[in-house]
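Asks: The following block contains the structure, expressed as structure tokens.
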Amino acid sequence: MTKVRCVKVCELILTPTIAVVDDDVSICKALAELLEVLDFKCQTFDRPEKFLAASISGRFDCLITDLNMKGMTGLELQQKLSAADPDLPIIFMSAQSAAEAKSQALRLGAVAFLSKPINDDVLHRHIISALNRRSRPREP
Amino acid sequence: MEPDEYPTKGEQPREAAAGQVACWQFNLTRVRALLESVDAAPRGDQEWQPDRLDMLLSAVRIVDVNDEAIRLFGLPADRDKVLDRPTASLWPEQSRAALGDLLTTIAASVHKEPVTREIPTVGRLQHVVLTGWKAFDSRCADTVFVSVRATLNTPNAVIELEASQKRYRNLISSLPIPVWQIDARPAGRIFERLRASGITDMAAYSDEHPEIVNLACEIVQVFDVNQEAMVLFGGKRRSEFIGSVKYLFSTTPGATRRVMLAHFSGARNHVEELKVKTFDGRLLDVLLLMTFPVPGERLDTTILMMIDNTARLEAEAKLRKIEADFSHAARLSTLGEMTTSIAHEIKQPLSAILMNAQTSLRYLRRAEPNLDKVDILTSRVVESAQRAGDIIGRIQDMAGKREATSTLLDFNDVVRQCVVFLRHESEDKDVVITTKLQPDLPAVQGDRIQLQQVIVNLIANSIQAMKVTPQMQREIYLETQLDETARVSFSIRDTGIGIPVDHLDQIFDGFFTTKEGGLGIGLAICQSIIQAHGGEITASNHPEGGAVFSFSIPAKSAAEGQLQNGQPFGLQEDLVPRII
């Protein structure tokens, strides 16, 4: 057990793990492949509830979530996480031009709010900045 | 003619009732002067001068005749064409002198005794005895009756036949329908010979010998047409119409053959829709009605009639186009309301395509390209592209102009596809759609897109009606079932504001709307679509709030479904491209 945990810790340090939440499975799969080629580890969830159930503070280094989902919107997820895992950087994706949701998400600390379809370089840049923010100690 | 003026008129029917005696009633008022002038009538052996006789008989007016006189003298059946006419125009030439003599004698006589004249032959009549007498009532001194007794030298039947033929000719020429009279006997003779040589299947025979169709067409001749036919075809002279029937059938492929097969089969009538080209170059849609003679009738006359349907068909086509335009406008309006969710729906597969393509490029540009990955990713690009294409296809079906096509449909499937179509729209507006679809519903016959248009429209209306409903209470219940009259019914209930009671009556009227920017044709179109499917649609308010719309359409029995498709539903479904 100890050995296993040790390996996990090493992995966490070397390759950040990114959570992806989107109720469209094809998007989840596509993002997983993109993150893999960008040398990130990734775990996908097709429902926000499943992500919340699996999420323990510190398990993921970044969250990429869709805005419009069945059951719970990305904004509601963000609210729930602000209590459970306040340091988790969040990148929003949306297929709609939702100006209001965008400003709310950013006000509540989202790293970025990207419109689908998403450019890989832009996403990569935002993930890097998210991870930098994560590794930076919180302001007192 | 006032009864007071001619009280003696009553005498005439008595004569008529007496049997086969023709009876004429004349008025001599106008000839009185002529008769009283010097020596009106010839004396002794003197011959009548034609001019005088003409003058006399032109002045003698016919007051009345009986039916027998009409029959014997071949007078017009319409009494108005006889009464008050000059006698000269209707009395037979051969016996005019005898009548003139008789009338002159009676006019000159102070007695009222009957006077007779005998004539050997008048046309068909033999041993003709004219008996004339003055009216007994002295107030009518100028009224003279003449009865005619004769034996017919022609059998009665011949007269009847002549009369009948005359009636027939009159009937045809004055029919307000274009009529062609055709002599089809030459074709009949060919058919006889073929039958004699053992041919029974003319369809097969004419396939093997297509020239027989042309031959039959060539030898069957038009011998008469009526005025209406000439007007219809824009012909100037009757002679243009006489000859081979070819010109009637040349514009409709296969018409000649069908007519020929009908003739061969011994059918009494043949009816079909025809396109004909008139002599002045117009193209008309007509209904052809042919009546072939059967033994016992005159075999030389086949009657062909045409009813011009051009105007009706044009009006129908226009109406169909207007309906289609309205239906199209309604679909566009519904789509317009859903633009946001449609864009969302298409962006999803596009995003996946873009991401997968970008990832592939990264793998390909590595020092050692990872082709296995590229293979997987490219397959996913194909999948997503297909999905995007399907979505666009569905929208095009809804947005495009199209003709209605009737197929056998799994109604639950139609409803399910509507829910899929509106999934984004309903999620967007936080509306929960609950469906309760009765399993094993019989199939319905109809147009998939039109039925989906109705259902999508109703759902979209419900979503809109719940704008002000609290988010957690926005619900739509869809239900399908087989109702007690064995019709497939659909109902939709929402938890919205309901329909104002005073709007219930007009809600299906065209251009009735409460929506800002709404066309007000959605529900009107829904109603006309459901009616076109043999059903009806109703609107009401649910006792617990919200509106309820329901419609029902006739179900097809399983057997009918099998007959029309030749295969069960599941299989057929796979053959039909999914539209929505």
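Scheme for the structure tokens: letters A, B, ... for chains in order shown; per-chain residue numbers from 1; ligand numbers from 1 in order shown.
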Compile the contact shell of Lys401 (chain B) as a PDB file with C-alpha atoms, in the first residue's frame: residues with an atom at most 10 Å away, counting only C-alpha atoms, same-chain residues fewer than 2 positions apart removed.
Replies:
ATOM      1  CA  ALA B 324     -47.401  24.001 -48.305  1.00  0.00           C
ATOM      2  CA  ASP B 325     -46.170  27.589 -48.109  1.00  0.00           C
ATOM      3  CA  SER B 327     -46.885  24.951 -43.385  1.00  0.00           C
ATOM      4  CA  HIS B 328     -43.346  25.855 -44.398  1.00  0.00           C
ATOM      5  CA  ALA B 329     -43.651  29.323 -42.878  1.00  0.00           C
ATOM      6  CA  ARG B 331     -41.928  25.360 -39.531  1.00  0.00           C
ATOM      7  CA  GLN B 396     -33.061  21.044 -43.380  1.00  0.00           C
ATOM      8  CA  ASP B 397     -36.016  18.681 -43.401  1.00  0.00           C
ATOM      9  CA  MET B 398     -37.862  21.059 -41.144  1.00  0.00           C
ATOM     10  CA  ALA B 399     -36.708  24.164 -43.000  1.00  0.00           C
ATOM     11  CA  GLU B 403     -44.265  17.660 -50.798  1.00  0.00           C
ATOM     12  CA  ALA B 404     -46.094  15.623 -48.209  1.00  0.00           C
TER      13      ALA B 404
END
Asks: Would you kindly return, as a list in words, each protein, DNA or RNA residue with an atom no farther than 7 Å from any atom of Asp66 (chain A), considering only C-alpha atoms and excluding same-chain residues fewer than 5 positions away?
Replies: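 Here the answer would be Val21, Asp22, Gly74, Phe92, Met93 and Ser94 of chain A.
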Asks: Which residues of chain B sit at most 12 Å from chain A, using only C-alpha atoms? Give each one's shortest atom pair and distance in Å (one decimal place), in chain and ascending residue order, as CSV.
Replies:
residue,atom,partner,partner_atom,distance
B:Thr339,CA,A:Gln96,CA,11.0
B:Thr340,CA,A:Gln96,CA,7.5
B:Ser341,CA,A:Gln96,CA,8.3
B:Ile342,CA,A:Gln96,CA,10.2
B:Ala343,CA,A:Gln96,CA,7.7
B:His344,CA,A:Ala95,CA,5.2
B:Glu345,CA,A:Ala95,CA,8.0
B:Ile346,CA,A:Ala95,CA,8.8
B:Lys347,CA,A:Ala95,CA,5.8
B:Gln348,CA,A:Ala95,CA,6.8
B:Pro349,CA,A:Ser26,CA,7.4
B:Leu350,CA,A:Pro117,CA,6.4
B:Ser351,CA,A:Pro117,CA,4.1
B:Ala352,CA,A:Ile27,CA,5.0
B:Ile353,CA,A:Ala30,CA,8.0
B:Leu354,CA,A:Pro117,CA,6.7
B:Met355,CA,A:Ala30,CA,5.9
B:Asn356,CA,A:Ala30,CA,5.4
B:Ala357,CA,A:Ala30,CA,9.2
B:Gln358,CA,A:Asp120,CA,6.6
B:Thr359,CA,A:Leu34,CA,5.1
B:Ser360,CA,A:Leu34,CA,8.5
B:Leu361,CA,A:Val37,CA,10.0
B:Arg362,CA,A:Val37,CA,7.0
B:Tyr363,CA,A:Val37,CA,7.1
B:Leu364,CA,A:Val37,CA,10.8
B:Arg365,CA,A:Val37,CA,11.2
B:Arg366,CA,A:Val37,CA,10.1
B:Pro369,CA,A:Val37,CA,11.6
B:Asn370,CA,A:Val37,CA,10.2
B:Lys373,CA,A:Glu33,CA,8.7
B:Val374,CA,A:Glu33,CA,10.3
B:Ile376,CA,A:Glu33,CA,9.9
B:Leu377,CA,A:Ala30,CA,7.9
B:Thr378,CA,A:Ala30,CA,10.8
B:Ser379,CA,A:Ala30,CA,11.5
B:Arg380,CA,A:Ser26,CA,8.0
B:Val381,CA,A:Ala30,CA,9.2
B:Val382,CA,A:Ser26,CA,11.6
B:Glu383,CA,A:Ser26,CA,9.1
B:Ser384,CA,A:Ser26,CA,7.5
B:Ala385,CA,A:Ser26,CA,11.2
B:Arg387,CA,A:Ser26,CA,10.4
B:Ala388,CA,A:Ser26,CA,11.9
B:Arg423,CA,A:Lys70,CA,10.2
B:His424,CA,A:Asn68,CA,9.4
B:Glu425,CA,A:Asn68,CA,11.4
B:Ser426,CA,A:Lys70,CA,10.5
B:Glu427,CA,A:Lys70,CA,7.0
B:Asp428,CA,A:Asn68,CA,7.7
B:Lys429,CA,A:Asn68,CA,10.9
B:Asp430,CA,A:Lys70,CA,9.1
B:Val431,CA,A:Lys70,CA,10.8
B:Val432,CA,A:Lys70,CA,10.2
B:Met472,CA,A:Gly71,CA,11.6
Asks: So, counting only C-alpha atoms, which residue among A:Ser129, A:Met72, A:Leu67, A:Lys80 is closest to Ala98 (chain A)?
Replies: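 The closest residue to Ala98 (chain A) is A:Leu67.
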Asks: Do you have the CA of Ala203 (chain B)-CA of Val259 (chain B) distance handy?
Replies: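 Pair CA of Ala203 (chain B) / CA of Val259 (chain B) returns 11.3 Å.
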Asks: Check region 276-377 of chain B with DSSP on the backbone and list each residue it calls alpha helix (DSSP H), as JSON, numbers by chain.
Replies: {"B": [310, 311, 312, 313, 314, 315, 316, 317, 318, 319, 320, 321, 322, 323, 324, 325, 326, 327, 328, 329, 330, 331, 332, 333, 334, 335, 336, 337, 339, 340, 341, 342, 343, 344, 345, 346, 347, 348, 349, 350, 351, 352, 353, 354, 355, 356, 357, 358, 359, 360, 361, 362, 363, 364, 371, 372, 373, 374, 375, 376, 377]}
Asks: Pull the strand (DSSP E) assignments for chain A out of DSSP run on the backbone, and list those residues as a PyMOL selection string.
Replies: chain A and resi 17-21+41-45+62-66+90-94+112-115
Asks: One number please: CA of Glu475 (chain B) to CA of Gly393 (chain B), in Å, one decimal.
Replies: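 Distance between the two atoms: 28.7 Å.
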